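**Q** Contents of data_31.txt (compact mmCIF, C-alpha atoms) are given next:
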```txt
# COMPACT_ATOMS: atom_id res chain seq x y z
CA MET W 1 -27.24 -24.00 6.99
CA ARG W 2 -24.93 -23.40 4.01
CA VAL W 3 -23.45 -19.89 4.03
CA ASP W 4 -21.28 -18.25 1.33
CA LEU W 5 -20.44 -14.71 2.46
CA HIS W 6 -18.42 -13.33 -0.47
CA THR W 7 -20.02 -13.04 -3.92
CA HIS W 8 -20.15 -10.47 -6.71
CA SER W 9 -22.78 -9.42 -9.23
CA SER W 10 -22.72 -7.45 -12.47
CA VAL W 11 -23.12 -4.30 -10.39
CA SER W 12 -19.35 -4.53 -9.96
CA ASP W 13 -17.26 -7.12 -11.81
CA GLY W 14 -19.41 -10.26 -11.72
CA THR W 15 -21.31 -11.49 -14.74
CA ASP W 16 -24.69 -12.32 -13.12
CA THR W 17 -27.26 -9.71 -12.21
CA PRO W 18 -28.14 -9.65 -8.50
CA THR W 19 -31.34 -11.58 -9.25
CA GLN W 20 -29.52 -14.19 -11.33
CA LEU W 21 -26.92 -14.55 -8.58
CA VAL W 22 -29.59 -15.24 -5.96
CA HIS W 23 -31.29 -17.86 -8.12
CA LYS W 24 -27.97 -19.57 -8.87
CA ALA W 25 -27.15 -19.57 -5.17
CA GLN W 26 -30.39 -21.34 -4.36
CA ALA W 27 -29.79 -23.86 -7.17
CA SER W 28 -26.36 -24.51 -5.64
CA GLY W 29 -27.96 -25.46 -2.35
CA LEU W 30 -27.04 -22.30 -0.44
CA ASP W 31 -29.22 -20.82 2.31
CA VAL W 32 -27.33 -17.55 2.82
CA ILE W 33 -25.11 -15.42 0.59
CA GLY W 34 -23.29 -12.18 1.20
CA LEU W 35 -23.43 -9.79 -1.75
CA THR W 36 -20.12 -7.91 -1.58
CA ASP W 37 -19.70 -5.91 -4.76
CA HIS W 38 -16.62 -3.71 -5.01
CA ASP W 39 -17.02 -0.31 -3.34
CA THR W 40 -20.79 -0.16 -3.91
CA PHE W 41 -24.06 -1.22 -2.31
CA ASP W 42 -26.08 -0.67 -5.49
CA GLY W 43 -27.08 -4.32 -5.99
CA ILE W 44 -28.28 -4.98 -2.44
CA ASP W 45 -31.95 -4.03 -2.82
CA GLU W 46 -32.47 -6.12 -5.95
CA ALA W 47 -30.71 -9.14 -4.45
CA THR W 48 -32.62 -8.84 -1.16
CA GLU W 49 -35.98 -8.73 -2.90
CA ALA W 50 -35.07 -11.69 -5.08
CA GLY W 51 -34.01 -13.59 -1.98
CA LYS W 52 -37.30 -12.87 -0.22
CA ARG W 53 -39.23 -14.26 -3.18
CA ILE W 54 -37.43 -17.61 -3.13
CA GLY W 55 -36.51 -17.96 0.53
CA LEU W 56 -32.76 -17.24 0.42
CA THR W 57 -31.15 -14.83 2.88
CA VAL W 58 -28.97 -12.08 1.40
CA VAL W 59 -26.50 -10.45 3.78
CA PRO W 60 -25.88 -6.85 2.65
CA GLY W 61 -22.16 -6.35 2.20
CA VAL W 62 -19.41 -4.55 0.34
CA GLU W 63 -15.82 -5.38 -0.59
CA ILE W 64 -13.81 -2.25 0.07
CA SER W 65 -10.69 -1.52 -1.96
CA CYS W 66 -7.99 -0.69 0.58
CA GLU W 67 -4.24 -0.22 0.68
CA ARG W 68 -1.39 -0.82 3.06
CA ASN W 69 2.04 0.61 2.29
CA GLY W 70 0.99 1.07 -1.33
CA ALA W 71 -0.17 -2.55 -1.74
CA SER W 72 -3.77 -3.46 -2.58
CA VAL W 73 -5.76 -5.26 0.15
CA HIS W 74 -9.49 -5.85 0.58
CA LEU W 75 -11.94 -5.58 3.46
CA LEU W 76 -15.45 -7.05 3.65
CA GLY W 77 -18.07 -4.99 5.46
CA PHE W 78 -21.38 -6.60 6.44
CA TRP W 79 -24.66 -5.02 7.62
CA CYS W 80 -23.30 -1.48 7.25
CA ASP W 81 -25.57 1.54 7.28
CA ARG W 82 -25.51 2.25 3.55
CA TRP W 83 -26.30 5.93 4.15
CA HIS W 84 -23.43 6.58 6.56
CA ARG W 85 -21.79 9.75 5.26
CA GLY W 86 -18.18 8.95 6.08
CA LEU W 87 -18.23 5.48 4.58
CA GLY W 88 -20.21 6.67 1.57
CA ASP W 89 -17.78 9.50 0.88
CA GLU W 90 -14.79 7.15 0.93
CA LEU W 91 -16.50 4.61 -1.32
CA ARG W 92 -17.28 7.38 -3.81
CA LYS W 93 -13.62 8.45 -3.78
CA SER W 94 -12.59 4.85 -4.38
CA ARG W 95 -15.00 4.48 -7.31
CA ALA W 96 -13.76 7.77 -8.76
CA GLY W 97 -10.21 6.45 -8.44
CA ARG W 98 -11.20 3.35 -10.38
CA THR W 99 -12.83 5.36 -13.15
CA GLY W 100 -10.09 7.97 -13.24
CA ARG W 101 -7.34 5.52 -14.05
CA ILE W 102 -9.20 3.83 -16.91
CA GLU W 103 -7.81 6.20 -19.56
CA ALA W 104 -4.29 5.89 -18.12
CA MET W 105 -4.48 2.09 -18.26
CA ALA W 106 -5.78 2.20 -21.83
CA GLU W 107 -2.85 4.42 -22.78
CA ARG W 108 -0.36 2.19 -20.97
CA LEU W 109 -1.62 -0.97 -22.67
CA THR W 110 -1.64 0.79 -26.05
CA GLU W 111 2.02 1.70 -25.51
CA LEU W 112 2.66 -1.97 -24.71
CA GLY W 113 1.33 -2.99 -28.13
CA MET W 114 -2.29 -3.72 -27.20
CA PRO W 115 -4.35 -0.80 -28.54
CA LEU W 116 -7.23 -0.09 -26.18
CA THR W 117 -9.45 2.92 -25.52
CA SER W 118 -11.33 4.00 -22.42
CA ASP W 119 -14.54 3.45 -24.40
CA ASP W 120 -13.55 -0.19 -24.96
CA ILE W 121 -13.25 -0.60 -21.18
CA ARG W 122 -16.53 1.17 -20.43
CA ARG W 123 -18.33 -1.07 -22.92
CA ALA W 124 -16.91 -4.09 -21.08
CA ALA W 125 -18.11 -2.64 -17.77
CA LYS W 126 -21.65 -2.16 -19.12
CA ALA W 127 -23.75 -0.44 -16.42
CA SER W 128 -21.41 -1.09 -13.49
CA PRO W 129 -20.89 1.93 -11.22
CA SER W 130 -17.60 0.40 -10.06
CA VAL W 131 -15.31 0.16 -13.10
CA GLY W 132 -12.06 -1.64 -12.38
CA ARG W 133 -9.23 -3.82 -13.61
CA PRO W 134 -11.51 -6.81 -14.28
CA HIS W 135 -13.29 -4.71 -16.88
CA VAL W 136 -9.93 -3.77 -18.42
CA ALA W 137 -9.23 -7.50 -18.57
CA ASP W 138 -12.61 -8.11 -20.23
CA ALA W 139 -11.81 -5.50 -22.85
CA MET W 140 -8.45 -7.21 -23.48
CA VAL W 141 -10.25 -10.54 -23.91
CA ALA W 142 -12.70 -8.96 -26.36
CA LYS W 143 -9.76 -7.65 -28.40
CA GLY W 144 -8.10 -11.07 -28.41
CA TYR W 145 -5.01 -9.95 -26.50
CA VAL W 146 -5.50 -12.53 -23.72
CA ALA W 147 -7.60 -15.65 -23.25
CA ASN W 148 -9.29 -14.71 -19.97
CA ARG W 149 -9.17 -12.45 -16.93
CA ASN W 150 -6.64 -14.63 -15.15
CA GLU W 151 -4.15 -14.31 -18.00
CA ALA W 152 -4.72 -10.55 -18.17
CA PHE W 153 -3.89 -10.15 -14.49
CA ASP W 154 -1.03 -12.62 -14.43
CA LEU W 155 0.75 -10.99 -17.37
CA TRP W 156 -0.33 -7.35 -17.42
CA LEU W 157 -2.66 -5.99 -14.72
CA ALA W 158 -1.51 -7.26 -11.32
CA ASP W 159 0.10 -4.75 -8.97
CA ASP W 160 3.64 -5.55 -10.15
CA LYS W 161 2.87 -5.96 -13.86
CA PRO W 162 3.54 -3.47 -16.68
CA GLY W 163 -0.10 -2.51 -17.30
CA TYR W 164 -0.81 -1.55 -13.70
CA VAL W 165 -1.66 2.08 -12.84
CA HIS W 166 -1.97 3.19 -9.21
CA ARG W 167 -5.25 4.63 -7.96
CA TYR W 168 -6.73 5.90 -4.72
CA ALA W 169 -7.73 3.23 -2.22
CA ILE W 170 -8.86 3.64 1.38
CA PRO W 171 -6.22 3.08 4.06
CA LEU W 172 -7.11 -0.26 5.66
CA GLU W 173 -7.25 1.08 9.21
CA LEU W 174 -9.63 3.86 8.15
CA ALA W 175 -11.85 1.38 6.30
CA ILE W 176 -12.24 -0.77 9.43
CA ASP W 177 -13.08 2.29 11.51
CA LEU W 178 -15.67 3.45 8.95
CA VAL W 179 -17.35 0.04 8.79
CA HIS W 180 -17.68 0.13 12.57
CA ALA W 181 -18.94 3.73 12.51
CA ALA W 182 -21.62 2.50 10.08
CA HIS W 183 -22.62 -0.21 12.62
CA GLY W 184 -21.11 -2.96 10.45
CA VAL W 185 -18.80 -5.93 10.87
CA ALA W 186 -15.30 -5.85 9.33
CA VAL W 187 -13.73 -9.04 7.92
CA LEU W 188 -10.31 -9.12 6.26
CA ALA W 189 -10.70 -10.66 2.78
CA HIS W 190 -8.30 -13.39 1.49
CA PRO W 191 -5.38 -11.80 3.37
CA TRP W 192 -2.67 -14.26 2.36
CA GLY W 193 -3.83 -15.05 -1.16
CA ARG W 194 -1.35 -15.34 -4.02
CA GLY W 195 1.70 -15.35 -1.76
CA ARG W 196 0.97 -11.93 -0.24
CA ALA W 197 1.40 -12.78 3.44
CA HIS W 198 4.18 -10.18 3.59
CA VAL W 199 1.65 -7.41 2.93
CA LEU W 200 -0.50 -8.37 5.95
CA PRO W 201 1.82 -10.24 8.32
CA ALA W 202 0.47 -11.88 11.47
CA ASP W 203 1.74 -9.21 13.86
CA TYR W 204 0.09 -6.46 11.81
CA ILE W 205 -3.23 -8.35 11.77
CA GLY W 206 -2.88 -8.54 15.54
CA ASP W 207 -2.46 -4.76 15.63
CA LEU W 208 -5.66 -4.38 13.57
CA VAL W 209 -7.51 -6.36 16.24
CA THR W 210 -5.97 -4.47 19.17
CA ASP W 211 -6.09 -0.95 17.72
CA HIS W 212 -9.11 -1.05 15.39
CA GLY W 213 -11.27 -3.97 16.56
CA LEU W 214 -11.07 -6.06 13.38
CA ASP W 215 -13.89 -8.61 13.68
CA GLY W 216 -13.07 -11.46 11.33
CA ILE W 217 -10.74 -13.03 8.82
CA GLU W 218 -11.49 -14.96 5.62
CA VAL W 219 -9.72 -18.29 5.98
CA ASP W 220 -11.27 -20.71 3.49
CA HIS W 221 -10.77 -19.12 0.07
CA GLU W 222 -9.55 -20.54 -3.22
CA ASP W 223 -6.47 -18.28 -3.14
CA HIS W 224 -5.35 -19.98 0.10
CA ASP W 225 -3.73 -23.43 -0.03
CA ASP W 226 -4.24 -25.95 2.76
CA ASP W 227 -1.20 -24.86 4.75
CA THR W 228 -2.23 -21.21 4.53
CA ARG W 229 -5.74 -22.04 5.69
CA GLU W 230 -4.39 -23.92 8.69
CA LEU W 231 -2.09 -21.03 9.66
CA LEU W 232 -4.87 -18.46 9.29
CA PHE W 233 -7.33 -20.62 11.24
CA ARG W 234 -4.90 -20.83 14.15
CA LEU W 235 -4.06 -17.12 13.91
CA GLY W 236 -7.75 -16.22 13.95
CA ALA W 237 -8.35 -18.42 16.98
CA ARG W 238 -5.45 -16.82 18.86
CA LEU W 239 -6.66 -13.30 18.05
CA GLY W 240 -10.33 -13.98 18.74
CA LEU W 241 -11.39 -13.36 15.14
CA VAL W 242 -14.45 -14.88 13.52
CA ARG W 243 -13.14 -17.17 10.78
CA THR W 244 -15.13 -17.26 7.56
CA GLY W 245 -15.10 -19.12 4.25
CA SER W 246 -16.50 -18.14 0.89
CA SER W 247 -16.34 -18.60 -2.87
CA ASP W 248 -15.56 -15.04 -4.02
CA TYR W 249 -17.87 -15.94 -6.89
CA HIS W 250 -17.83 -13.68 -9.98
CA GLY W 251 -19.80 -15.83 -12.42
CA LEU W 252 -17.89 -16.28 -15.66
CA GLY W 253 -15.52 -13.51 -14.57
CA LYS W 254 -13.40 -15.66 -12.26
CA GLU W 255 -12.52 -19.29 -12.86
CA GLY W 256 -12.48 -21.87 -10.07
CA HIS W 257 -14.62 -19.89 -7.63
CA GLU W 258 -17.97 -21.63 -7.93
CA LEU W 259 -20.77 -20.79 -5.50
CA GLY W 260 -20.41 -22.77 -2.29
CA CYS W 261 -16.89 -24.05 -3.00
CA ASN W 262 -16.00 -22.70 0.46
CA LEU W 263 -18.48 -22.06 3.24
CA THR W 264 -18.76 -20.17 6.52
CA ARG W 265 -19.67 -22.36 9.48
CA ALA W 266 -23.17 -21.71 10.85
CA SER W 267 -21.68 -20.95 14.28
CA ALA W 268 -19.33 -18.36 12.77
CA PHE W 269 -22.20 -16.76 10.87
CA ARG W 270 -24.25 -16.49 14.06
CA GLU W 271 -21.27 -14.90 15.82
CA LEU W 272 -21.00 -12.26 13.07
CA GLN W 273 -24.71 -11.56 13.50
CA ARG W 274 -24.23 -11.19 17.26
CA VAL W 275 -21.38 -8.71 16.77
CA ALA W 276 -23.41 -6.72 14.24
CA ARG W 277 -26.41 -6.53 16.56
CA GLY W 278 -24.12 -5.32 19.33
CA ARG W 279 -23.11 -2.41 17.09
CA GLY W 280 -26.71 -1.51 16.41
CA ALA W 281 -26.89 -2.95 12.90
CA ARG W 282 -30.21 -4.03 11.42
CA VAL W 283 -29.66 -7.77 11.09
```
Would you mind giving the structure from this file in C-alpha cells?
**A**
Amino acid sequence: MRVDLHTHSSVSDGTDTPTQLVHKAQASGLDVIGLTDHDTFDGIDEATEAGKRIGLTVVPGVEISCERNGASVHLLGFWCDRWHRGLGDELRKSRAGRTGRIEAMAERLTELGMPLTSDDIRRAAKASPSVGRPHVADAMVAKGYVANRNEAFDLWLADDKPGYVHRYAIPLELAIDLVHAAHGVAVLAHPWGRGRAHVLPADYIGDLVTDHGLDGIEVDHEDHDDDTRELLFRLGARLGLVRTGSSDYHGLGKEGHELGCNLTRASAFRELQRVARGRGARV
C-alpha cells in the first residue's frame, strides 16, 4: 500500500482541482492520499467522490496555519469532524487573517518597487477560499517580478523577508486540542524544514505530546535532509509518535514535491487509523 498523506488542491494553493489530484495520484501508483488544503475542508467531498469512482482512498484532512512565539508552524489534522464548531470558527478566523493581509502585502511590495494590487492577488487565487502567500507569489510571477514561487518566498515573502506581513494564526497548542475535540488525529507538519528546528525544539515537541497528546510527526519530507530525517525518526520513536512521510504536493505550485516522492509506511497509516477510531472518528 502506497500512502501519501499531505497533498494540496486548487481549493487552497495547489494547481490541480481535487478531481485532477486524485487521478494524478492514481497514475503515480498511489493507493491512499490525504487531501490537506490550508485551513479549509472545501475540497474533501469532490476528492472523495473522485476516489470512489477510480478506487483510490482519500483521507479527509486539513493543514492548519499555526504559530509559536510569533513564528509560522503547521499542523495536519486527519478525519476531523468538519462541522465541529470550535475548529470551524478558528479556521474561519485563519482564512480571514489570510485575506485581510492581502492588501497590506500588495502595498508593501508596491513600496518595494513591485507594483501589485489586491485584485492581482485575488485573480491569482482564482476561486480558492484560502488566499495566502503562494497566491501573492503567483501574482508576482505573472507580473514578471520573480521566476517562480520559490524565488518569491526566498527573496520577499518568507517570515523574515521584506514583503512579509503578519496575520492571525492559531496557537499550535490550541490547534492540537481542537483537532482532538473534533475526533481527529494531529500530526506536526515538516517541523524542522528549512533550518527551523529552533522554532520547534525537541523538548517542546515532547511537551506537546505530554500536555496535548500530539499524535504524529512528519519525518520524510523534501524540506528535511537525511540527517534531519534520522533525528526526527528517533525523536518520534522516543516520544511514541506515529512517524509519517509525504510529498506536500502542490502541482505546478511547488517544485520538487512530486506525488509519492515520500510515503507513509502502511503500518504507520494503520496506527493513525486506530488512533482516529479510538477518538470516535469516522474512518
**Q** Find the residues around Asp223 in chain W up to 12 Å (only C-alpha atoms counted), leave out those fewer than 6 positions away in its own chain, and share them as a PyMOL selection string.
**A** chain W and resi 189-197+229+245-248+254-257+261-262
**Q** If I take CA of Gly163 in chain W and CA of Arg108 in chain W, how far is one from the other in Å, to one decimal?
**A**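 Value for the CA of Gly163 in chain W-CA of Arg108 in chain W distance: 6.0 Å.
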**Q** Quick one: pull the distance between CA of Ala175 in chain W and CA of Ser9 in chain W, Å, one decimal.
**A**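 Distance between the two atoms: 21.8 Å.
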**Q** W:His135, W:Lys143, W:Arg167, W:Arg122: which is nearest Gly97 in chain W, counting only C-alpha atoms?
**A**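 Of all the options, W:Arg167 lies closest to Gly97 in chain W.
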**Q** Please provide the set of residues having any atom within 8 Å of Asp37 in chain W, restricted to only C-alpha atoms, with same-chain residues fewer than 6 positions apart removed, written as JSON, numbers by chain.
**A** {"W": [7, 8, 9, 11, 12, 13, 43, 61, 62, 63]}
**Q** Could you state the separation of CA of Asp4 in chain W and CA of Arg243 in chain W in Å, given to one decimal place?
**A** 12.5 Å
**Q** Would you please work out which residue, of W:Ala152, W:Val131, W:Val59, W:Leu241, is nearest to Leu109 in chain W when using only C-alpha atoms?
**A**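 Distance minimum relative to Leu109 in chain W lands on W:Ala152.
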**Q** Can you pull out the residues contacting range 214-217 of chain W? Cut-off 7 Å, using all atoms listed in the file, and skip same-chain residues under 4 positions away; I want them as number ranges by chain.
**A** W: 176, 185-189, 208-209, 236, 241-244
**Q** Build an axis-aligned box that encloses every atom of range 24-31 of chain W listed in the file, pad it by 6 Å on each side, and report its centre and edge lengths in Å to one decimal, as AutoDock Vina command-line options.
**A**
```
--center_x -28.4 --center_y -22.5 --center_z -3.3 --size_x 16.0 --size_y 17.9 --size_z 23.2
```
**Q** When you count only C-alpha atoms, which of these residues is closest to Arg101 in chain W: W:Pro115, W:Gly70, W:Pro60, W:Gly132?
**A**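 The closest residue to Arg101 in chain W is W:Gly132.
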**Q** From the list W:Leu91, W:Ala139, W:Cys80, W:Ala124, which residue is nearest Gln273 in chain W when using only C-alpha atoms?
**A**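 Among W:Leu91, W:Ala139, W:Cys80, W:Ala124, it is W:Cys80 that comes nearest to Gln273 in chain W.
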